[in-house]
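Have a look at the structure below before the remarks.
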Amino acid sequence: MKHKAGFVNIIGNPNVGKSTLMNALVGERLSIITSKAQTTRHRILGIVNGDDFQILFSDTPGIIKPAYDLQTSMMDFVKSAFDDADILIYMVEVGELELKDEVFFSKIKNAKIPVMLLINKIDKSDQEEVETKLAYWQDKVPNANVYLISALENFGIDVVLNKILEILPESPAFYPKDQLTDKPERFFVNECIREKILMYYKKEIPYAVEIETEEFFEDEKIIKIRAIIMVERETQKGIIIGHKGSALKRVGTEARKDLEKFFDKKIFLDLYVKVNKNWRNDSRQLKRFGYKE
């Protein structure tokens, strides 16, 4: 039997469920998920392996009009997803009628590769609206195979996966068959901590935060981690720490619980907060944090 392999890249507006879909397809919680827009900042690879196939899924940031350099870099990750895709997944939710960026939308409609348009969150709607949206998107993107799914409820995921396997090109594997992602362990530590900050803090705070794992020591029984939470202003530092350190302690406790599940090992997590002024518009800092080449 011939081997199939290829890149299946997921794009769409913020909050349509791209990360939930990615995790459902891969069967692991690689992408963090919150109700806030711009939860995903990087392009995250999740690898699904079989005896005769390897699917390389990419989760990408939600498409926005950039307001600062970090967001420009995030949109560069989306652009790169068009460049190397063997199959493109364009994801929308039931109530959505357009992609906010016309350039990206034109690329989807004129793509020379297979396009799968997934209408997500159908469990939140009634049959009549779902049928209306199905007809709308079939007309709007005639080059796409349109599917109805609920990524959260795992509805329709098998159908999508079977179609991907059907149209995946013949190719040898790109990565070792026991590999799950291209990201290092420290990346997932950073993302887990950032997820808790997105969950527990409001307004600008989560968007001004970057995490850097300075130390990651693993032995047979425990992983010892020291991570820095970076903010842009002194006032933000105080908010992150909270009264007598209570807010920071909650972030650390919740992140540690999730990291123990992820690594299946006891975790000691030491968190510090540091001011790193204007890092979101600093090319050198963005490169250091993996947002630029």
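Residue numbering restarts at 1 for every chain of the structure tokens, chains are lettered A, B, ... in their displayed order, and ligands are numbered from 1 as they appear.
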
Which of range 8-191 of chain A end up as helix (DSSP H, G or I) when DSSP is run on this backbone - answer as number ranges by chain? A: 18-26, 69-83, 102-109, 122-124, 127-140, 157-167, 185-191

Residues of range 117-188 of chain A that approach range 209-225 of chain A to 12 Å or less, counting only C-alpha atoms: could you list each one with the shortest pair of atoms and its distance in Å to one decimal, rows by chain and increasing residue number, as a Markdown table?
```
| residue | atom | partner | partner_atom | distance |
| --- | --- | --- | --- | --- |
| A:Pro184 | CA | A:Thr213 | CA | 11.1 |
| A:Glu185 | CA | A:Phe216 | CA | 8.7 |
| A:Arg186 | CA | A:Thr213 | CA | 6.0 |
| A:Phe187 | CA | A:Thr213 | CA | 8.0 |
| A:Phe188 | CA | A:Thr213 | CA | 9.7 |
```

Min atom-atom distance to Ile205 in chain A from the set A:Met116, A:Val189, A:Ile10, A:Ile241, counting only C-alpha atoms, belongs to A:Ile241

Excluding Glu96 in chain A and residues on its chain fewer than 2 positions from it, collect all residues at most 12 Å away from it, counting only C-alpha atoms, and give them as a list of chain:residue names. A:Gly12, A:Asn13, A:Pro14, A:Asn15, A:Val16, A:Met91, A:Val92, A:Glu93, A:Val94, A:Glu98, A:Leu99, A:Lys100, A:Leu118, A:Ile119, A:Asn120, A:Lys121, A:Ile122, A:Glu129, A:Val130, A:Thr132, A:Lys133, A:Leu134, A:Tyr136, A:Trp137

Would you save the residues of that selection, restricted to N, CA and C atoms, as a PDB file, in the first residue's frame?
```pdb
ATOM      1  N   GLY A  12      -9.218  30.765   9.527  1.00  0.00           N
ATOM      2  CA  GLY A  12     -10.561  31.293   9.749  1.00  0.00           C
ATOM      3  C   GLY A  12     -10.513  32.500  10.664  1.00  0.00           C
ATOM      4  N   ASN A  13     -11.656  33.107  10.902  1.00  0.00           N
ATOM      5  CA  ASN A  13     -11.763  34.250  11.798  1.00  0.00           C
ATOM      6  C   ASN A  13     -11.457  33.838  13.243  1.00  0.00           C
ATOM      7  N   PRO A  14     -11.213  34.797  14.138  1.00  0.00           N
ATOM      8  CA  PRO A  14     -11.024  34.455  15.551  1.00  0.00           C
ATOM      9  C   PRO A  14     -12.276  33.784  16.142  1.00  0.00           C
ATOM     10  N   ASN A  15     -12.043  32.865  17.073  1.00  0.00           N
ATOM     11  CA  ASN A  15     -13.119  32.252  17.870  1.00  0.00           C
ATOM     12  C   ASN A  15     -14.096  31.371  17.096  1.00  0.00           C
ATOM     13  N   VAL A  16     -13.704  30.858  15.949  1.00  0.00           N
ATOM     14  CA  VAL A  16     -14.620  29.965  15.221  1.00  0.00           C
ATOM     15  C   VAL A  16     -14.434  28.506  15.633  1.00  0.00           C
ATOM     16  N   MET A  91     -12.514  27.438   8.145  1.00  0.00           N
ATOM     17  CA  MET A  91     -13.492  27.165   9.188  1.00  0.00           C
ATOM     18  C   MET A  91     -14.334  28.401   9.478  1.00  0.00           C
ATOM     19  N   VAL A  92     -15.646  28.209   9.526  1.00  0.00           N
ATOM     20  CA  VAL A  92     -16.578  29.286   9.887  1.00  0.00           C
ATOM     21  C   VAL A  92     -17.503  28.742  10.976  1.00  0.00           C
ATOM     22  N   GLU A  93     -18.240  29.643  11.622  1.00  0.00           N
ATOM     23  CA  GLU A  93     -19.279  29.182  12.531  1.00  0.00           C
ATOM     24  C   GLU A  93     -20.639  29.540  11.945  1.00  0.00           C
ATOM     25  N   VAL A  94     -21.691  28.953  12.476  1.00  0.00           N
ATOM     26  CA  VAL A  94     -23.019  29.049  11.875  1.00  0.00           C
ATOM     27  C   VAL A  94     -23.455  30.491  11.638  1.00  0.00           C
ATOM     28  N   GLU A  98     -18.908  36.080   6.495  1.00  0.00           N
ATOM     29  CA  GLU A  98     -17.768  36.468   5.655  1.00  0.00           C
ATOM     30  C   GLU A  98     -16.462  36.339   6.422  1.00  0.00           C
ATOM     31  N   LEU A  99     -15.376  36.258   5.646  1.00  0.00           N
ATOM     32  CA  LEU A  99     -14.046  36.354   6.227  1.00  0.00           C
ATOM     33  C   LEU A  99     -13.683  37.831   6.260  1.00  0.00           C
ATOM     34  N   LYS A 100     -13.118  38.279   7.376  1.00  0.00           N
ATOM     35  CA  LYS A 100     -12.911  39.710   7.560  1.00  0.00           C
ATOM     36  C   LYS A 100     -11.855  40.303   6.630  1.00  0.00           C
ATOM     37  N   LEU A 118     -15.563  24.071   6.690  1.00  0.00           N
ATOM     38  CA  LEU A 118     -16.249  23.448   7.818  1.00  0.00           C
ATOM     39  C   LEU A 118     -17.117  24.476   8.529  1.00  0.00           C
ATOM     40  N   ILE A 119     -18.414  24.213   8.597  1.00  0.00           N
ATOM     41  CA  ILE A 119     -19.335  25.078   9.345  1.00  0.00           C
ATOM     42  C   ILE A 119     -19.449  24.502  10.746  1.00  0.00           C
ATOM     43  N   ASN A 120     -18.849  25.205  11.701  1.00  0.00           N
ATOM     44  CA  ASN A 120     -18.737  24.713  13.077  1.00  0.00           C
ATOM     45  C   ASN A 120     -19.862  25.239  13.968  1.00  0.00           C
ATOM     46  N   LYS A 121     -19.998  24.614  15.124  1.00  0.00           N
ATOM     47  CA  LYS A 121     -20.948  24.998  16.175  1.00  0.00           C
ATOM     48  C   LYS A 121     -22.401  24.823  15.735  1.00  0.00           C
ATOM     49  N   ILE A 122     -22.656  23.788  14.919  1.00  0.00           N
ATOM     50  CA  ILE A 122     -24.036  23.570  14.471  1.00  0.00           C
ATOM     51  C   ILE A 122     -24.934  23.121  15.622  1.00  0.00           C
ATOM     52  N   GLU A 129     -31.633  27.127  10.157  1.00  0.00           N
ATOM     53  CA  GLU A 129     -30.495  28.030   9.996  1.00  0.00           C
ATOM     54  C   GLU A 129     -29.291  27.287   9.438  1.00  0.00           C
ATOM     55  N   VAL A 130     -29.065  26.074   9.903  1.00  0.00           N
ATOM     56  CA  VAL A 130     -27.945  25.265   9.414  1.00  0.00           C
ATOM     57  C   VAL A 130     -28.073  25.026   7.910  1.00  0.00           C
ATOM     58  N   THR A 132     -29.731  26.823   5.749  1.00  0.00           N
ATOM     59  CA  THR A 132     -29.553  28.111   5.059  1.00  0.00           C
ATOM     60  C   THR A 132     -28.071  28.442   4.910  1.00  0.00           C
ATOM     61  N   LYS A 133     -27.315  28.255   5.986  1.00  0.00           N
ATOM     62  CA  LYS A 133     -25.879  28.554   5.959  1.00  0.00           C
ATOM     63  C   LYS A 133     -25.120  27.583   5.055  1.00  0.00           C
ATOM     64  N   LEU A 134     -25.557  26.328   5.028  1.00  0.00           N
ATOM     65  CA  LEU A 134     -24.941  25.347   4.140  1.00  0.00           C
ATOM     66  C   LEU A 134     -25.074  25.795   2.688  1.00  0.00           C
ATOM     67  N   TYR A 136     -25.657  28.830   1.650  1.00  0.00           N
ATOM     68  CA  TYR A 136     -24.938  30.104   1.491  1.00  0.00           C
ATOM     69  C   TYR A 136     -23.459  29.860   1.185  1.00  0.00           C
ATOM     70  N   TRP A 137     -22.821  29.011   1.982  1.00  0.00           N
ATOM     71  CA  TRP A 137     -21.386  28.794   1.819  1.00  0.00           C
ATOM     72  C   TRP A 137     -21.065  27.956   0.586  1.00  0.00           C
TER      73      TRP A 137
END
```

Could you pull out the strand (DSSP E or B) residues of range 103-245 of chain A, going by DSSP on the backbone, and write them as a PyMOL selection string? chain A and resi 115-120+144-148+150+155+170+181+210-218+222-231

Restrict the calculation to only C-alpha atoms, then for each residue of range 183-248 of chain A with any atom at most 8 Å from an atom of range 252-260 of chain A give the closest atom pair and their distance in Å to one decimal, rows by chain and rising residue number, as a tab-separated table.
```
residue	atom	partner	partner_atom	distance
A:Val189	CA	A:Leu259	CA	7.0
A:Cys192	CA	A:Ala255	CA	5.9
A:Ile193	CA	A:Ala255	CA	5.5
A:Lys196	CA	A:Ala255	CA	6.6
A:Leu248	CA	A:Gly252	CA	6.2
```

Which of these, A:Lys287, A:Ser31, A:Trp279, A:Lys36, has the shortest distance to Tyr201 in chain A once you count only C-alpha atoms? A:Lys36

Env of Asp52 in chain A: 12 Å cut, atoms = only C-alpha atoms, seq-sep filter 3 positions within chain, self excluded. Answer as number ranges by chain. A: 1-5, 48-49, 55, 165, 168-173, 177

Could those selected residues go to a file with all heavy atoms, as a compact mmCIF listing (two decimals), in the first residue's frame?
```
# COMPACT_ATOMS: atom_id res chain seq x y z
N MET A 1 0.84 -1.20 0.00
CA MET A 1 0.00 0.00 0.00
C MET A 1 0.88 1.25 0.00
O MET A 1 1.85 1.33 0.74
CB MET A 1 -0.91 -0.01 1.23
CG MET A 1 -1.97 1.08 1.20
SD MET A 1 -3.08 0.98 2.63
CE MET A 1 -3.98 -0.53 2.24
N LYS A 2 0.53 2.22 -0.84
CA LYS A 2 1.33 3.44 -0.93
C LYS A 2 1.07 4.35 0.26
O LYS A 2 -0.01 4.39 0.82
CB LYS A 2 1.02 4.16 -2.24
CG LYS A 2 1.53 3.41 -3.47
CD LYS A 2 1.27 4.16 -4.75
CE LYS A 2 1.86 3.40 -5.93
NZ LYS A 2 1.59 4.09 -7.21
N HIS A 3 2.11 5.11 0.63
CA HIS A 3 2.04 5.98 1.81
C HIS A 3 1.58 7.38 1.41
O HIS A 3 2.02 7.93 0.39
CB HIS A 3 3.41 6.07 2.47
CG HIS A 3 3.38 6.69 3.83
ND1 HIS A 3 3.41 8.06 4.03
CD2 HIS A 3 3.31 6.13 5.07
CE1 HIS A 3 3.36 8.32 5.32
NE2 HIS A 3 3.31 7.18 5.98
N LYS A 4 0.70 7.97 2.22
CA LYS A 4 0.22 9.33 2.00
C LYS A 4 0.70 10.25 3.12
O LYS A 4 0.81 9.82 4.27
CB LYS A 4 -1.32 9.35 1.97
CG LYS A 4 -1.93 8.68 0.74
CD LYS A 4 -3.44 8.87 0.77
CE LYS A 4 -4.06 8.50 -0.57
NZ LYS A 4 -5.50 8.89 -0.63
N ALA A 5 0.98 11.50 2.76
CA ALA A 5 1.37 12.48 3.77
C ALA A 5 1.17 13.88 3.21
O ALA A 5 1.31 14.10 2.00
CB ALA A 5 2.83 12.29 4.19
N VAL A 48 -0.72 13.51 13.01
CA VAL A 48 -1.50 12.28 13.17
C VAL A 48 -0.88 11.21 12.28
O VAL A 48 -0.75 11.40 11.06
CB VAL A 48 -2.98 12.51 12.78
CG1 VAL A 48 -3.75 11.20 12.84
CG2 VAL A 48 -3.62 13.55 13.70
N ASN A 49 -0.49 10.10 12.89
CA ASN A 49 0.21 9.04 12.16
C ASN A 49 -0.61 7.76 12.06
O ASN A 49 -1.33 7.40 12.98
CB ASN A 49 1.53 8.72 12.88
CG ASN A 49 2.54 9.83 12.77
OD1 ASN A 49 3.01 10.15 11.69
ND2 ASN A 49 2.87 10.45 13.91
N ILE A 55 -0.63 12.86 8.67
CA ILE A 55 -1.31 14.13 8.44
C ILE A 55 -0.69 15.18 9.34
O ILE A 55 -0.60 14.99 10.55
CB ILE A 55 -2.82 14.03 8.72
CG1 ILE A 55 -3.45 12.83 8.02
CG2 ILE A 55 -3.52 15.32 8.26
CD1 ILE A 55 -4.90 12.58 8.41
N LEU A 165 -8.03 11.83 4.41
CA LEU A 165 -7.25 10.64 4.03
C LEU A 165 -7.47 10.26 2.57
O LEU A 165 -6.56 9.78 1.89
CB LEU A 165 -7.63 9.46 4.94
CG LEU A 165 -7.11 9.55 6.38
CD1 LEU A 165 -7.75 8.48 7.25
CD2 LEU A 165 -5.59 9.43 6.42
N LEU A 168 -5.51 13.14 0.47
CA LEU A 168 -4.12 13.40 0.84
C LEU A 168 -3.18 12.88 -0.26
O LEU A 168 -3.37 11.79 -0.77
CB LEU A 168 -3.82 12.69 2.16
CG LEU A 168 -2.70 13.24 3.05
CD1 LEU A 168 -3.03 14.63 3.55
CD2 LEU A 168 -2.47 12.29 4.22
N PRO A 169 -2.16 13.65 -0.63
CA PRO A 169 -1.26 13.20 -1.70
C PRO A 169 -0.35 12.06 -1.24
O PRO A 169 -0.08 11.91 -0.05
CB PRO A 169 -0.44 14.45 -2.02
CG PRO A 169 -0.49 15.29 -0.79
CD PRO A 169 -1.83 15.02 -0.16
N GLU A 170 0.12 11.29 -2.20
CA GLU A 170 1.10 10.25 -1.91
C GLU A 170 2.43 10.91 -1.60
O GLU A 170 2.89 11.78 -2.32
CB GLU A 170 1.24 9.29 -3.10
CG GLU A 170 0.05 8.37 -3.28
CD GLU A 170 0.27 7.38 -4.41
OE1 GLU A 170 1.41 7.28 -4.91
OE2 GLU A 170 -0.71 6.71 -4.79
N SER A 171 3.04 10.48 -0.48
CA SER A 171 4.30 11.07 -0.05
C SER A 171 4.86 10.26 1.10
O SER A 171 4.11 9.68 1.87
CB SER A 171 4.08 12.53 0.41
OG SER A 171 5.23 13.03 1.06
N PRO A 172 6.20 10.23 1.23
CA PRO A 172 6.75 9.64 2.45
C PRO A 172 6.46 10.55 3.65
O PRO A 172 6.08 11.72 3.48
CB PRO A 172 8.26 9.59 2.16
CG PRO A 172 8.49 10.62 1.11
CD PRO A 172 7.24 10.68 0.29
N ALA A 173 6.64 10.04 4.84
CA ALA A 173 6.42 10.84 6.06
C ALA A 173 7.43 11.97 6.14
O ALA A 173 8.58 11.84 5.72
CB ALA A 173 6.51 9.95 7.29
N LYS A 177 7.51 8.80 12.95
CA LYS A 177 6.14 8.37 13.21
C LYS A 177 5.72 8.45 14.68
O LYS A 177 4.53 8.38 14.99
CB LYS A 177 5.93 6.94 12.68
CG LYS A 177 5.76 6.86 11.16
CD LYS A 177 4.47 7.56 10.72
CE LYS A 177 4.21 7.37 9.24
NZ LYS A 177 3.46 6.19 8.90
```

Surrounding residues of range 83-85 of chain A excluding itself and chain neighbours under 4 positions, 7 Å, only C-alpha atoms, as a tab-separated table (two decimals) with N, CA and C atoms, in the first residue's frame:
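Saved file around21.tsv follows:
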```
chain	number	residue	atom	x	y	z
A	7	PHE	N	0.32	18.43	4.38
A	7	PHE	CA	-0.03	19.50	5.32
A	7	PHE	C	-1.49	19.90	5.14
A	8	VAL	N	-2.23	19.86	6.25
A	8	VAL	CA	-3.65	20.26	6.27
A	8	VAL	C	-3.74	21.46	7.21
A	9	ASN	N	-3.90	22.65	6.62
A	9	ASN	CA	-3.77	23.88	7.38
A	9	ASN	C	-5.14	24.52	7.63
A	79	LYS	N	-0.44	33.56	6.46
A	79	LYS	CA	0.01	33.59	5.06
A	79	LYS	C	0.84	32.36	4.73
```
